[in-house]
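Structure record follows, encoded as structure tokens.
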Amino acid sequence: MVHYLDHAASTPVHPAAIAALTETLTESYGNPSGSHRLAREANLRVDAARATLANVFGLTPGSIVFTSGGTEADSLAILGSLRRSRDAGQEGVAICSAIEHHAVLEPVEAAGGRHISVDGNGVLDLQHLRTVLTELAEAEKPVAVVSVMAANNETGVLQPVVEAAAIVRELAPTALIHTDAVQFPAWHDTADLAAAVDLMSVSGHKWGGPKGVGFLAIRDGVTLPPIQLGGGQERGRRGGTQNVAGIVALAAAAEAMGTERPTVVPLVRQLRDELVDRILEGVPDATLTGASADRLPNLAHFCLEGVESEPLLFLLEKEDVMASAASSCASGAQQASHVLAAMGISGATGAVRLSLGYRSTRDDVQAGAAAVIAACERIRSRG
């Protein structure tokens with residue numbers, strides 16, 4: 001029996017999404033950009049999905065721009081904001097937290113942008129954000145976009161997006177505010193988050209949707225130039241034929257998520273806490289990353305002294321426990337984690353991220369904890 005503890009990477013597709021995907025693939029094969037009856041039917045399905053997603057996420061239907069997932073949504077947000085700044089005759093600066101997913105970090109760095117530091121728990125330093133924005137204002141350098149993720153994908157630590165947005169509105173009022181909310185919706189309502197920002201990235205496969213479909217929410221009244229041209233779909237904001245079946249399945253998964261979340265969250269939190277307790281008790285020197293911060297209820301990230309990530313994951317898989325290193329704490333076979341480096345964590349040699357989901361059970365927790373404990377003992381005994 002497989003014990004899947006890697007829901008932060010991708011979740012099993014929800015049965016409601018599978019049913020919607022299968023039915024749409026079978027029955028609705030028209031191109032939604034066409035004009036005949038089957039095309040109009042496909043377009044109606046896309047519009048209905050848009051309305052469902054808007055209701056679940058606290059958005060307006062017109063704000064939703066469908067993408068191939070979170071990475072494209074992040075790219076559209078950052079690169080579109082930079083192009084918007086250039087179109088206005090400015091060379092605006094892109095800013096992001098130092099712990100962003102690479103889908104945000106890399107376009108910001110490629111544009112010569114700025115990082116905002118985090119504390120030892122991985123929480124955004126709001127004073128540093130204020131300092132950087134003040135310095136740029138005094139230098140008369142406009143800010144194109146500020147991006148702060150809702151929850152970190154490695155550690156699960158929640159970020160003060162609403163507070164950061166208020167600072168940006170005060171000190172850089174022409175900047176767009178973006179949040180990568182990919183890890184967030186399965187565990188928290190997004191209405192307050194969406195209300196605070198101009199741009200919000202979402203990907204369905206983190207909460208029961210199929211891979212390869214997501215959206216960028218663009219606040220009503222905000223104009224964002226496209227980065228993918230051709231076809232004029234999504235009101236000219238993202239060219240390309242819409243993935244009708246994926247979009248319909250995305251909406252079905254979102255509806256199920258919204259209905260089940262009040263029941264799922266406390267159960268998963270309890271399982272996560274048991275998992276943490278078992279590992280901290282059974283693995284000497286294991287450290288729970290971001291332990292003093294507010295974290296997602298499904299995720300536990302550990303740094304492990306003297307336990308390299310690659311052999312650890314190999315041994316876990318041999319016990320049918322599927323987990324992730326997210327990134328290793330130090331250089332080696334896996335890429336070093338920029339998130340842990342930003343937090344000032346450098347002493348550990350390995351890391352493991354264990355993440356639960358709506359299908360997780362106590363058996364998964366017990367098997368996962370036992371496998372981690374045994375694997376650490378085995379690796380350390382060889383050391």
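Chain labels A, B, ... are given in the sequence in which chains occur in the structure tokens; within each chain residues are numbered consecutively from 1, and ligands are likewise numbered from 1 in the order shown.
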Can you tell me, as a PyMOL selection string, what residues are no more than 8 Å from region 89-93 of chain A when counting only C-alpha atoms, ignoring any on the same chain fewer than 4 positions away? chain A and resi 82+85+111-114+141-145
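Residues in contact range of Thr155 (chain A), defined as at most 10 Å between only C-alpha atoms, with sequence neighbours fewer than 3 positions away removed, read Ile99, Asn121, Gly122, Ala151, Asn152, Leu158, Leu288, Thr289, Gly290, Ala291, Arg295, Leu296, Leu299, Ala300, His301, Phe302, Ala326, Val339, Leu340, Val352, Arg353, Leu354 and Ser355 of chain A.
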Skipping near chain neighbours, those fewer than 5 positions away, what residues fall within 6 Å of Ala42 (chain A) using only C-alpha atoms, listed as a tab-separated table (two decimals) with C-alpha atoms, in the first residue's frame?
chain	number	residue	atom	x	y	z
A	28	SER	CA	-17.88	18.74	-25.47
A	30	GLY	CA	-15.92	21.96	-29.88
A	32	PRO	CA	-14.84	27.49	-27.55
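Per DSSP on the backbone, strand (DSSP E) in region 74-225 of chain A comprises Val93, Ala94, Ile95, Cys96, Ser97, Arg114, His115, Ile116, Val143, Ala144, Val145, Val146, Ser147, Leu176, Ile177, His178, Thr179, Asp180, Leu199, Met200, Ser201, Val202, Ser203, Gly214, Phe215, Leu216, Ala217 and Ile218 of chain A.
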Output N, CA and C atoms of each residue in that selection to a file, as a tab-separated table (two decimals), in the first residue's frame.
chain	number	residue	atom	x	y	z
A	93	VAL	N	10.71	48.56	-11.15
A	93	VAL	CA	11.44	47.50	-10.47
A	93	VAL	C	10.46	46.42	-10.02
A	94	ALA	N	10.86	45.16	-10.18
A	94	ALA	CA	10.10	44.03	-9.65
A	94	ALA	C	10.69	43.64	-8.30
A	95	ILE	N	9.82	43.38	-7.34
A	95	ILE	CA	10.23	43.03	-5.98
A	95	ILE	C	9.50	41.77	-5.55
A	96	CYS	N	10.20	40.88	-4.87
A	96	CYS	CA	9.54	39.69	-4.32
A	96	CYS	C	10.22	39.28	-3.03
A	97	SER	N	9.57	38.44	-2.27
A	97	SER	CA	10.20	37.90	-1.07
A	97	SER	C	11.32	36.96	-1.49
A	114	ARG	N	14.49	43.13	-6.86
A	114	ARG	CA	14.95	43.15	-5.47
A	114	ARG	C	14.25	42.05	-4.67
A	115	HIS	N	14.97	41.54	-3.64
A	115	HIS	CA	14.42	40.56	-2.71
A	115	HIS	C	14.11	41.24	-1.38
A	116	ILE	N	13.06	40.76	-0.73
A	116	ILE	CA	12.76	41.18	0.63
A	116	ILE	C	13.07	40.01	1.56
A	143	VAL	N	8.15	51.32	-8.96
A	143	VAL	CA	8.01	49.90	-8.69
A	143	VAL	C	6.91	49.35	-9.58
A	144	ALA	N	7.23	48.32	-10.34
A	144	ALA	CA	6.25	47.72	-11.24
A	144	ALA	C	5.34	46.73	-10.52
A	145	VAL	N	5.94	45.87	-9.69
A	145	VAL	CA	5.17	44.81	-9.04
A	145	VAL	C	5.87	44.38	-7.78
A	146	VAL	N	5.09	44.03	-6.76
A	146	VAL	CA	5.59	43.42	-5.54
A	146	VAL	C	4.86	42.10	-5.36
A	147	SER	N	5.63	41.03	-5.22
A	147	SER	CA	5.05	39.69	-5.13
A	147	SER	C	5.40	39.05	-3.79
A	176	LEU	N	1.71	47.13	-8.90
A	176	LEU	CA	0.76	46.04	-8.77
A	176	LEU	C	1.23	45.09	-7.68
A	177	ILE	N	0.28	44.53	-6.96
A	177	ILE	CA	0.59	43.59	-5.88
A	177	ILE	C	0.13	42.20	-6.31
A	178	HIS	N	1.06	41.26	-6.25
A	178	HIS	CA	0.78	39.88	-6.68
A	178	HIS	C	1.02	38.91	-5.54
A	179	THR	N	0.20	37.88	-5.48
A	179	THR	CA	0.46	36.79	-4.55
A	179	THR	C	0.35	35.45	-5.28
A	180	ASP	N	1.34	34.62	-5.06
A	180	ASP	CA	1.30	33.23	-5.51
A	180	ASP	C	0.54	32.46	-4.43
A	199	LEU	N	-3.27	40.85	-8.23
A	199	LEU	CA	-3.03	39.66	-9.03
A	199	LEU	C	-2.86	38.46	-8.10
A	200	MET	N	-3.51	37.34	-8.43
A	200	MET	CA	-3.42	36.15	-7.59
A	200	MET	C	-3.31	34.91	-8.48
A	201	SER	N	-2.25	34.13	-8.27
A	201	SER	CA	-2.01	32.92	-9.06
A	201	SER	C	-2.56	31.69	-8.35
A	202	VAL	N	-3.20	30.81	-9.12
A	202	VAL	CA	-3.82	29.60	-8.57
A	202	VAL	C	-3.54	28.44	-9.51
A	203	SER	N	-3.31	27.25	-8.95
A	203	SER	CA	-3.11	26.04	-9.75
A	203	SER	C	-3.93	24.91	-9.17
A	214	GLY	N	-4.89	26.23	-14.43
A	214	GLY	CA	-4.98	27.13	-13.29
A	214	GLY	C	-5.48	28.47	-13.80
A	215	PHE	N	-5.27	29.51	-13.00
A	215	PHE	CA	-5.67	30.84	-13.48
A	215	PHE	C	-4.91	31.93	-12.74
A	216	LEU	N	-4.89	33.09	-13.37
A	216	LEU	CA	-4.44	34.32	-12.72
A	216	LEU	C	-5.66	35.19	-12.54
A	217	ALA	N	-5.95	35.59	-11.32
A	217	ALA	CA	-7.01	36.55	-11.06
A	217	ALA	C	-6.43	37.95	-11.17
A	218	ILE	N	-7.04	38.77	-12.02
A	218	ILE	CA	-6.60	40.14	-12.24
A	218	ILE	C	-7.72	41.06	-11.75
Closest pair table for region 235-329 of chain A residues within 7 Å of region 370-378 of chain A, only C-alpha atoms, as a tab-separated table:
residue	atom	partner	partner_atom	distance
A:Ile279	CA	A:Ile373	CA	6.5
A:Gly282	CA	A:Ile373	CA	5.8
A:Val283	CA	A:Ile373	CA	5.7
A:Val307	CA	A:Cys376	CA	6.3
A:Leu312	CA	A:Ala375	CA	6.1
A:Leu315	CA	A:Ala375	CA	6.0
A:Leu316	CA	A:Ala371	CA	5.9
A:Glu319	CA	A:Ala371	CA	6.6
Mind pulling up the distance from CA of Ala256 (chain A) to CA of Ala48 (chain A)? 15.4 Å
Rank A:Ala186, A:Ala88, A:Ala103, A:Val161 by their smallest atom-to-atom distance to Met257 (chain A), using only C-alpha atoms, and report the top residue only. A:Ala186
Enumerate the residues of region 152-301 of chain A with a DSSP assignment of alpha helix (DSSP H), computed from the backbone, and present them as number ranges by chain. A: 161-171, 191-196, 244-282
Residues within 8 Å of region 170-173 of chain A, only C-alpha atoms, excluding chain neighbours under 3 positions, as an mmCIF file with N, CA and C atoms, in the first residue's frame:
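So the final result, stored in out-v6.cif, reads:
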data_model
loop_
_atom_site.group_PDB
_atom_site.id
_atom_site.type_symbol
_atom_site.label_atom_id
_atom_site.label_comp_id
_atom_site.auth_asym_id
_atom_site.auth_seq_id
_atom_site.Cartn_x
_atom_site.Cartn_y
_atom_site.Cartn_z
ATOM 1 N N ARG A 130 9.353 47.887 3.831
ATOM 2 C CA ARG A 130 9.162 49.338 3.948
ATOM 3 C C ARG A 130 10.459 50.083 3.607
ATOM 4 N N LEU A 133 11.123 49.937 -0.289
ATOM 5 C CA LEU A 133 10.204 50.806 -1.022
ATOM 6 C C LEU A 133 10.530 52.277 -0.792
ATOM 7 N N THR A 134 10.939 52.616 0.420
ATOM 8 C CA THR A 134 11.318 53.998 0.725
ATOM 9 C C THR A 134 12.567 54.393 -0.047
ATOM 10 N N ALA A 137 11.646 54.958 -3.663
ATOM 11 C CA ALA A 137 10.900 56.207 -3.827
ATOM 12 C C ALA A 137 11.832 57.408 -3.761
ATOM 13 N N PRO A 142 10.474 53.866 -10.030
ATOM 14 C CA PRO A 142 9.128 53.317 -9.872
ATOM 15 C C PRO A 142 9.167 51.816 -9.614
ATOM 16 N N VAL A 143 8.155 51.321 -8.961
ATOM 17 C CA VAL A 143 8.010 49.896 -8.688
ATOM 18 C C VAL A 143 6.906 49.348 -9.575
ATOM 19 N N ALA A 166 -0.749 46.599 2.256
ATOM 20 C CA ALA A 166 -1.033 47.931 2.794
ATOM 21 C C ALA A 166 0.211 48.819 2.723
ATOM 22 N N ILE A 167 1.373 48.247 2.987
ATOM 23 C CA ILE A 167 2.627 49.003 2.909
ATOM 24 C C ILE A 167 2.905 49.420 1.467
#
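The neighbours of region 359-369 of chain A here are the residues that come within 6 Å of it, using only C-alpha atoms and leaving out any residue fewer than 6 positions away in the same chain; they are His3, Leu275, Ile279 and Val321 of chain A.
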Restricting it to N, CA and C atoms, dump the selection as a tab-separated table (two decimals), in the first residue's frame.
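Heads up, here's the output in result.tsv:
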chain	number	residue	atom	x	y	z
A	3	HIS	N	1.77	5.04	0.74
A	3	HIS	CA	1.43	6.10	1.68
A	3	HIS	C	1.92	7.41	1.07
A	275	LEU	N	1.97	13.48	13.19
A	275	LEU	CA	3.16	13.17	12.41
A	275	LEU	C	4.38	13.92	12.95
A	279	ILE	N	7.82	12.17	14.75
A	279	ILE	CA	9.16	12.33	14.17
A	279	ILE	C	10.09	13.06	15.13
A	321	VAL	N	6.54	4.93	1.04
A	321	VAL	CA	6.22	6.26	1.55
A	321	VAL	C	6.75	7.28	0.55
Contacts of Arg235 (chain A) at 12 Å (only C-alpha atoms; same-chain gap of 5+ positions) as number ranges by chain: A: 33, 61-66, 218, 223-226, 229-230, 240, 242
Write the residues of the preceding selection, restricted to C-alpha atoms, as a PDB file, in the first residue's frame.
ATOM      1  CA  SER A  33     -13.588  30.220 -29.881  1.00  0.00           C
ATOM      2  CA  PRO A  61     -15.889  36.015 -13.194  1.00  0.00           C
ATOM      3  CA  GLY A  62     -14.281  38.631 -15.408  1.00  0.00           C
ATOM      4  CA  SER A  63     -11.153  38.745 -13.262  1.00  0.00           C
ATOM      5  CA  ILE A  64     -10.205  35.128 -14.035  1.00  0.00           C
ATOM      6  CA  VAL A  65      -7.683  34.433 -16.788  1.00  0.00           C
ATOM      7  CA  PHE A  66      -7.205  30.705 -17.387  1.00  0.00           C
ATOM      8  CA  ILE A 218      -6.601  40.142 -12.238  1.00  0.00           C
ATOM      9  CA  THR A 223      -4.911  46.295 -17.266  1.00  0.00           C
ATOM     10  CA  LEU A 224      -2.220  43.661 -17.666  1.00  0.00           C
ATOM     11  CA  PRO A 225      -0.552  43.162 -21.063  1.00  0.00           C
ATOM     12  CA  PRO A 226      -0.421  39.544 -22.272  1.00  0.00           C
ATOM     13  CA  LEU A 229      -0.073  36.347 -27.985  1.00  0.00           C
ATOM     14  CA  GLY A 230      -2.284  34.918 -30.704  1.00  0.00           C
ATOM     15  CA  GLY A 240      -4.416  30.070 -26.901  1.00  0.00           C
ATOM     16  CA  GLN A 242      -8.787  27.099 -23.662  1.00  0.00           C
TER      17      GLN A 242
END
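Among the candidates A:Ala245, A:Val132, A:Val264, A:Leu193, the one nearest to Lys211 (chain A) when counting only C-alpha atoms is A:Ala245.
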